[in-house]
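These notes concern the structure reproduced below.
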Amino acid sequence: MSRYHILDAQHTDPARIKRERDKARELRKTRWWLDQVNRGICHHCGGRFKASELTMDHLIPLARGGTSAKGNIVCACRPCNQSKKLETPVDAVFEQLERERNAGGSESEGEGER
Ligand SMILES: [Zn+2]
C-alpha cells in the first residue's frame, strides 16, 4: 500500500512550532548564522546578496515536521523566501488532491493494466 504525504498532527502542534521558532531565533544570534549570511549566497537561486538582504529559511517547513537544526536552515534572498511562502499553500492543496485521488480514484488507476 502506497503512503502519501499528509499533514501530521504532531507536526502542526503549535507548541512544537513555537519551540522550533524560538530555536531559530536563538540560532540567528550565533556565529554559525553570521558565517552563513556573511557568505552572502542564497541557497535557492545561488545569487550573491548583502547579509542584510538574506533571510533565514527552513528547508522543510516547521509545519511539515522540519526542525530548527542547522541542517534544515539555509539563507534565502527575499524574493526566494517569498516565492516559497506563496508556494506552500498550493503545495498543501496538491497534497489534498492527491489524497482524495488515492482515496477514490482506484478505478482509473487500473485502466492501463492487463
Ligand atoms: Zn534567492
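Labels used: A, B, ... for chains in the order of the C-alpha cells, numbers from 1 for residues in each chain, and numbers from 1 for ligands as shown.
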**OP:** Kindly work out which residues sit at most 9 Å from ligand 1, using only C-alpha atoms and all ligand atoms, and give the list as a list in words.
**Re:** Ile41, Cys42, His43, His44, Cys45, Gly46, Gly47, Arg48, Phe49, Leu54, Cys75, Ala76, Cys77, Arg78, Pro79, Cys80 and Asn81 of chain A
I need the residues from that last selection saved to file as a JSON list (two decimals), in the first residue's frame (with C-alpha atoms), if you can.
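The result, written out as part_22.json:
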```json
[["chain", "number", "residue", "atom", "x", "y", "z"],
["A", 41, "ILE", "CA", 24.79, 33.27, -1.11],
["A", 42, "CYS", "CA", 21.12, 32.43, -1.46],
["A", 43, "HIS", "CA", 20.59, 28.71, -1.10],
["A", 44, "HIS", "CA", 17.80, 28.63, -3.69],
["A", 45, "CYS", "CA", 18.95, 30.82, -6.59],
["A", 46, "GLY", "CA", 22.66, 30.86, -5.80],
["A", 47, "GLY", "CA", 22.73, 34.64, -6.15],
["A", 48, "ARG", "CA", 25.03, 36.88, -4.10],
["A", 49, "PHE", "CA", 23.43, 39.21, -1.62],
["A", 54, "LEU", "CA", 19.25, 37.42, 3.35],
["A", 75, "CYS", "CA", 19.99, 31.52, 3.74],
["A", 76, "ALA", "CA", 17.44, 32.72, 1.25],
["A", 77, "CYS", "CA", 17.15, 36.06, -0.50],
["A", 78, "ARG", "CA", 13.86, 37.83, -0.01],
["A", 79, "PRO", "CA", 12.37, 37.00, -3.45],
["A", 80, "CYS", "CA", 13.14, 33.30, -2.98],
["A", 81, "ASN", "CA", 11.82, 33.24, 0.55]]
```
**OP:** Considering only C-alpha atoms, return as an MDAnalysis selection string whatever protein or nucleic-acid residues lie within 7 Å of Val74 (chain A), sequence-local ones (same chain, fewer than 4 positions apart) excluded.
**Re:** chainID A and resid 43 56:59
Please produce a file of the residues just selected, as a compact mmCIF listing (two decimals), in the first residue's frame, where the atoms kept are N, CA and C atoms.
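New file selection13.txt:
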```txt
# COMPACT_ATOMS: atom_id res chain seq x y z
N HIS A 43 20.59 30.15 -0.91
CA HIS A 43 20.59 28.71 -1.10
C HIS A 43 19.79 28.30 -2.33
N MET A 56 16.38 33.93 6.99
CA MET A 56 16.53 32.55 7.43
C MET A 56 15.37 31.74 6.86
N ASP A 57 15.70 30.60 6.29
CA ASP A 57 14.66 29.79 5.66
C ASP A 57 14.79 28.33 6.10
N HIS A 58 13.66 27.72 6.39
CA HIS A 58 13.66 26.30 6.74
C HIS A 58 13.46 25.48 5.47
N LEU A 59 14.35 24.56 5.20
CA LEU A 59 14.21 23.70 4.01
C LEU A 59 12.92 22.90 4.09
```
Between region 28-82 of chain A and region 12-24 of chain A, at 7 Å or less, what are the per-residue closest atom pairs and their distances in Å? Count only C-alpha atoms, order by chain and rising residue number, and return it as CSV.
```
residue,atom,partner,partner_atom,distance
A:Arg28,CA,A:Ala24,CA,6.3
A:Leu62,CA,A:Ile17,CA,6.1
A:Ala63,CA,A:Thr12,CA,5.0
A:Thr67,CA,A:Glu20,CA,6.0
A:Ser68,CA,A:Ala24,CA,5.3
```
So that I have them on file, write out the residues from the current selection with C-alpha atoms, as a JSON list (two decimals), in the first residue's frame.
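See part_24.json below for the written result:
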```json
[["chain", "number", "residue", "atom", "x", "y", "z"],
["A", 28, "ARG", "CA", 20.13, 33.73, 14.43],
["A", 62, "LEU", "CA", 8.16, 23.63, 10.52],
["A", 63, "ALA", "CA", 4.54, 22.77, 9.79],
["A", 67, "THR", "CA", 13.18, 21.45, 12.78],
["A", 68, "SER", "CA", 15.39, 24.41, 13.52]]
```
Subject >> Coordinates-based distance that separates CA of Ile60 (chain A) from CA of His11 (chain A) (Å, one decimal) >> reply: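 We find that CA of His11 (chain A) and CA of Ile60 (chain A) lie 11.1 Å from each other.
The space separating CA of Ser83 (chain A) from CA of Gln10 (chain A) comes to 26.1 Å.
Coordinates place CA of Arg64 (chain A) at a distance of 9.7 Å from CA of Ala9 (chain A).
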Original post:
In terms of the shortest atom-to-atom distance over only C-alpha atoms, which of A:Ala51, A:Ile73, A:Gln82, A:Ala103 is closest to Asp35 (chain A)?
Top reply: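 Residue with the minimum atom-to-atom distance to Asp35 (chain A): A:Ala51.
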**OP:** Going by DSSP on the backbone, which bits of region 15-72 of chain A are strand (DSSP E or B)? Write them as an MDAnalysis selection string, please.
**Re:** chainID A and resid 41 48 54:58
